[in-house]
file final01.pdb (PDB, C-alpha atoms and all ligand atoms)
ATOM      1  CA  MET W 464       0.000   0.000   0.000  1.00  0.00           C
ATOM      2  CA  PRO W 465       1.406   3.402  -0.894  1.00  0.00           C
ATOM      3  CA  TYR W 466       1.481   5.898   1.932  1.00  0.00           C
ATOM      4  CA  CYS W 467       2.342   9.542   2.408  1.00  0.00           C
ATOM      5  CA  PRO W 468       5.725  10.030   4.126  1.00  0.00           C
ATOM      6  CA  LYS W 469       4.465  13.294   5.621  1.00  0.00           C
ATOM      7  CA  CYS W 470       0.924  12.486   6.801  1.00  0.00           C
ATOM      8  CA  LYS W 471       1.507   8.722   7.253  1.00  0.00           C
ATOM      9  CA  TYR W 472      -1.870   8.014   5.656  1.00  0.00           C
ATOM     10  CA  GLU W 473      -2.234   4.979   3.460  1.00  0.00           C
ATOM     11  CA  TYR W 474      -3.826   5.244   0.031  1.00  0.00           C
ATOM     12  CA  ARG W 475      -5.145   2.799  -2.537  1.00  0.00           C
ATOM     13  CA  SER W 476      -2.519   1.464  -4.907  1.00  0.00           C
ATOM     14  CA  GLY W 477      -2.422   3.480  -8.115  1.00  0.00           C
ATOM     15  CA  ILE W 478      -2.443   6.797  -6.290  1.00  0.00           C
ATOM     16  CA  LYS W 479       0.908   8.502  -6.760  1.00  0.00           C
ATOM     17  CA  THR W 480       0.742  11.726  -4.776  1.00  0.00           C
ATOM     18  CA  CYS W 481      -0.882  12.673  -1.495  1.00  0.00           C
ATOM     19  CA  PRO W 482      -4.126  14.611  -2.000  1.00  0.00           C
ATOM     20  CA  ASP W 483      -3.500  16.464   1.266  1.00  0.00           C
ATOM     21  CA  CYS W 484       0.081  17.702   0.970  1.00  0.00           C
ATOM     22  CA  ASP W 485       1.124  16.792  -2.610  1.00  0.00           C
ATOM     23  CA  ALA W 486       4.020  14.662  -1.397  1.00  0.00           C
ATOM     24  CA  GLN W 487       5.024  11.712  -3.514  1.00  0.00           C
ATOM     25  CA  LEU W 488       3.674   8.528  -1.981  1.00  0.00           C
ATOM     26  CA  VAL W 489       6.137   5.823  -1.058  1.00  0.00           C
ATOM     27  CA  ASP W 490       5.660   2.102  -0.797  1.00  0.00           C
ATOM     28  CA  GLU W 491       6.304   0.756   2.619  1.00  0.00           C
ATOM     29  CA  LEU W 492       5.735   2.220   6.036  1.00  0.00           C
ATOM     30  CA  SER W 493       8.743   1.461   8.144  1.00  0.00           C
ATOM     31  CA  LYS W 494      10.594   3.770  10.449  1.00  0.00           C
ATOM     32  CA  PRO W 495      14.314   3.429  10.766  1.00  0.00           C
ATOM     33  CA  SER W 496      15.277   2.533  14.266  1.00  0.00           C
ATOM     34  CA  SER W 497      18.706   2.655  15.761  1.00  0.00           C
ATOM     35  CA  ARG W 498      17.977  -0.717  17.351  1.00  0.00           C
ATOM     36  CA  ASP W 499      17.345  -2.859  14.279  1.00  0.00           C
ATOM     37  CA  THR W 500      18.673  -0.784  11.400  1.00  0.00           C
ATOM     38  CA  GLU W 501      22.095   0.576  10.720  1.00  0.00           C
ATOM     39  CA  LEU W 502      21.825   4.332  10.320  1.00  0.00           C
ATOM     40  CA  VAL W 503      24.321   6.499   8.522  1.00  0.00           C
ATOM     41  CA  VAL W 504      24.871  10.222   8.990  1.00  0.00           C
ATOM     42  CA  VAL W 505      24.317  11.955   5.638  1.00  0.00           C
ATOM     43  CA  GLY W 506      24.348  15.531   6.816  1.00  0.00           C
ATOM     44  CA  ALA W 507      25.072  17.806   9.766  1.00  0.00           C
ATOM     45  CA  TYR W 508      23.406  21.169  10.124  1.00  0.00           C
ATOM     46  CA  PRO W 509      24.070  24.111  12.427  1.00  0.00           C
ATOM     47  CA  PHE W 510      20.346  24.759  12.947  1.00  0.00           C
ATOM     48  CA  GLU W 511      17.413  22.449  13.437  1.00  0.00           C
ATOM     49  CA  SER W 512      15.343  24.407  10.878  1.00  0.00           C
ATOM     50  CA  ILE W 513      17.846  23.513   8.153  1.00  0.00           C
ATOM     51  CA  ALA W 514      17.958  19.913   9.309  1.00  0.00           C
ATOM     52  CA  GLN W 515      14.158  19.785   9.100  1.00  0.00           C
ATOM     53  CA  GLN W 516      14.347  21.033   5.494  1.00  0.00           C
ATOM     54  CA  ALA W 517      16.783  18.260   4.660  1.00  0.00           C
ATOM     55  CA  LYS W 518      14.522  15.714   6.336  1.00  0.00           C
ATOM     56  CA  LEU W 519      11.471  16.928   4.377  1.00  0.00           C
ATOM     57  CA  LEU W 520      13.416  16.821   1.124  1.00  0.00           C
ATOM     58  CA  LEU W 521      14.626  13.286   1.758  1.00  0.00           C
ATOM     59  CA  GLU W 522      11.252  12.022   2.913  1.00  0.00           C
ATOM     60  CA  SER W 523       9.523  13.530  -0.119  1.00  0.00           C
ATOM     61  CA  ASN W 524      11.900  11.287  -2.076  1.00  0.00           C
ATOM     62  CA  GLY W 525      10.824   8.273  -0.068  1.00  0.00           C
ATOM     63  CA  ILE W 526      13.873   8.104   2.189  1.00  0.00           C
ATOM     64  CA  GLU W 527      13.011   7.770   5.849  1.00  0.00           C
ATOM     65  CA  THR W 528      15.127  10.241   7.772  1.00  0.00           C
ATOM     66  CA  VAL W 529      15.781  10.625  11.463  1.00  0.00           C
ATOM     67  CA  LEU W 530      17.282  13.709  13.034  1.00  0.00           C
ATOM     68  CA  LEU W 531      19.677  13.114  15.855  1.00  0.00           C
ATOM     69  CA  ASN W 532      17.589  14.960  18.426  1.00  0.00           C
ATOM     70  CA  GLU W 533      14.603  12.726  17.577  1.00  0.00           C
ATOM     71  CA  ILE W 534      16.647   9.610  18.109  1.00  0.00           C
ATOM     72  CA  MET W 535      17.715  10.889  21.469  1.00  0.00           C
ATOM     73  CA  SER W 536      14.121  11.336  22.561  1.00  0.00           C
ATOM     74  CA  GLN W 537      13.046   7.929  21.249  1.00  0.00           C
ATOM     75  CA  THR W 538      15.734   5.682  22.597  1.00  0.00           C
ATOM     76  CA  ASP W 539      17.839   5.306  25.639  1.00  0.00           C
ATOM     77  CA  ILE W 540      21.124   5.332  23.795  1.00  0.00           C
ATOM     78  CA  VAL W 541      23.488   8.151  24.478  1.00  0.00           C
ATOM     79  CA  LEU W 542      24.760  10.024  21.464  1.00  0.00           C
ATOM     80  CA  VAL W 543      27.519  12.559  21.538  1.00  0.00           C
ATOM     81  CA  PHE W 544      27.282  15.749  19.531  1.00  0.00           C
ATOM     82  CA  ALA W 545      30.714  15.717  17.968  1.00  0.00           C
ATOM     83  CA  ASP W 546      30.441  19.149  16.373  1.00  0.00           C
ATOM     84  CA  GLY W 547      27.369  20.631  17.983  1.00  0.00           C
ATOM     85  CA  GLY W 548      25.213  20.263  14.881  1.00  0.00           C
ATOM     86  CA  VAL W 549      21.928  18.510  14.215  1.00  0.00           C
ATOM     87  CA  LYS W 550      22.597  15.363  12.243  1.00  0.00           C
ATOM     88  CA  ALA W 551      20.414  13.718   9.643  1.00  0.00           C
ATOM     89  CA  LEU W 552      20.540   9.934   9.543  1.00  0.00           C
ATOM     90  CA  VAL W 553      19.140   7.505   6.990  1.00  0.00           C
ATOM     91  CA  ARG W 554      19.286   3.764   6.528  1.00  0.00           C
ATOM     92  CA  LYS W 555      22.596   2.576   5.157  1.00  0.00           C
ATOM     93  CA  GLU W 556      21.036   1.383   1.893  1.00  0.00           C
ATOM     94  CA  ASP W 557      19.557   4.849   1.298  1.00  0.00           C
ATOM     95  CA  ALA W 558      22.741   6.770   2.092  1.00  0.00           C
ATOM     96  CA  GLU W 559      24.117   7.122  -1.452  1.00  0.00           C
ATOM     97  CA  ARG W 560      20.853   8.458  -2.838  1.00  0.00           C
ATOM     98  CA  ALA W 561      20.331  10.687   0.186  1.00  0.00           C
ATOM     99  CA  LYS W 562      23.704  12.350  -0.340  1.00  0.00           C
ATOM    100  CA  GLU W 563      22.875  13.028  -3.995  1.00  0.00           C
ATOM    101  CA  ILE W 564      19.536  14.564  -3.022  1.00  0.00           C
ATOM    102  CA  LEU W 565      21.089  16.674  -0.275  1.00  0.00           C
ATOM    103  CA  ALA W 566      23.723  17.996  -2.681  1.00  0.00           C
ATOM    104  CA  GLU W 567      20.879  19.986  -4.278  1.00  0.00           C
ATOM    105  CA  LEU W 568      19.848  21.596  -0.995  1.00  0.00           C
TER     106      LEU W 568
HETATM  107 ZN    ZN W 601       0.385  13.812   2.772  1.00  0.00          ZN
END

call {"tool": "encode", "arguments": {"input": "final01.pdb", "output": "structure tokens", "more": "lines below"}}
Ligand SMILES: [Zn+2]
result
Amino acid sequence: MPYCPKCKYEYRSGIKTCPDCDAQLVDELSKPSSRDTELVVVGAYPFESIAQQAKLLLESNGIETVLLNEIMSQTDIVLVFADGGVKALVRKEDAERAKEILAEL
């Protein structure tokens, strides 16, 4: 079932874009989790607003993205801010494509 990466609503197959927000629908609903998926840092941003833009851009391309501060609130693992920025993480298999997409940002 296709679903909207922004609204998380599912739609009938055949529908390509979300009627609510115009985002491109993606195929499977699965959130990357630091527990069962290897995440790779694809970007680091000085401000959360910029990181959110990167996340929206990636997710509109069907790449699930987690910002470091979200991970920290969802899990009990301790992450160290190496350079004080907000980091964008994607699944390892999406990393190459994510970097290409972010190069346009
Ligand atoms: Zn939507």

call {"tool": "residues_near_ligand", "arguments": {"input": "final01.pdb", "ligand": "ligand ZN 601 (chain W)", "cutoff": "9 Å", "atoms": "all atoms listed in the file", "output": "MDAnalysis selection string"}}
result
chainID W and resid 466:472 480:488

call {"tool": "write_last_selection", "arguments": {"input": "final01.pdb", "atoms": "C-alpha atoms", "output": "compact mmCIF listing (two decimals), in the frame of the given file"}}
result
# COMPACT_ATOMS: atom_id res chain seq x y z
CA TYR W 466 1.48 5.90 1.93
CA CYS W 467 2.34 9.54 2.41
CA PRO W 468 5.72 10.03 4.13
CA LYS W 469 4.46 13.29 5.62
CA CYS W 470 0.92 12.49 6.80
CA LYS W 471 1.51 8.72 7.25
CA TYR W 472 -1.87 8.01 5.66
CA THR W 480 0.74 11.73 -4.78
CA CYS W 481 -0.88 12.67 -1.50
CA PRO W 482 -4.13 14.61 -2.00
CA ASP W 483 -3.50 16.46 1.27
CA CYS W 484 0.08 17.70 0.97
CA ASP W 485 1.12 16.79 -2.61
CA ALA W 486 4.02 14.66 -1.40
CA GLN W 487 5.02 11.71 -3.51
CA LEU W 488 3.67 8.53 -1.98

call {"tool": "atom_distance", "arguments": {"input": "final01.pdb", "atom1": "CA of Gly525 in chain W", "atom2": "CA of Tyr474 in chain W"}}
result
15.0 Å

call {"tool": "atom_distance", "arguments": {"input": "final01.pdb", "atom1": "CA of Val529 in chain W", "atom2": "CA of Leu552 in chain W"}}
result
5.2 Å

call {"tool": "residues_around", "arguments": {"input": "final01.pdb", "residues": "range 511-520 of chain W", "least_positions_apart": "2", "cutoff": "12 Å", "atoms": "all atoms listed in the file", "output": "PyMOL selection string"}}
result
chain W and resi 467-470+484+486-487+504-509+522-533+547-553+560-568

call {"tool": "atom_distance", "arguments": {"input": "final01.pdb", "atom1": "CA of Leu502 in chain W", "atom2": "CA of Leu521 in chain W"}}
result
14.3 Å
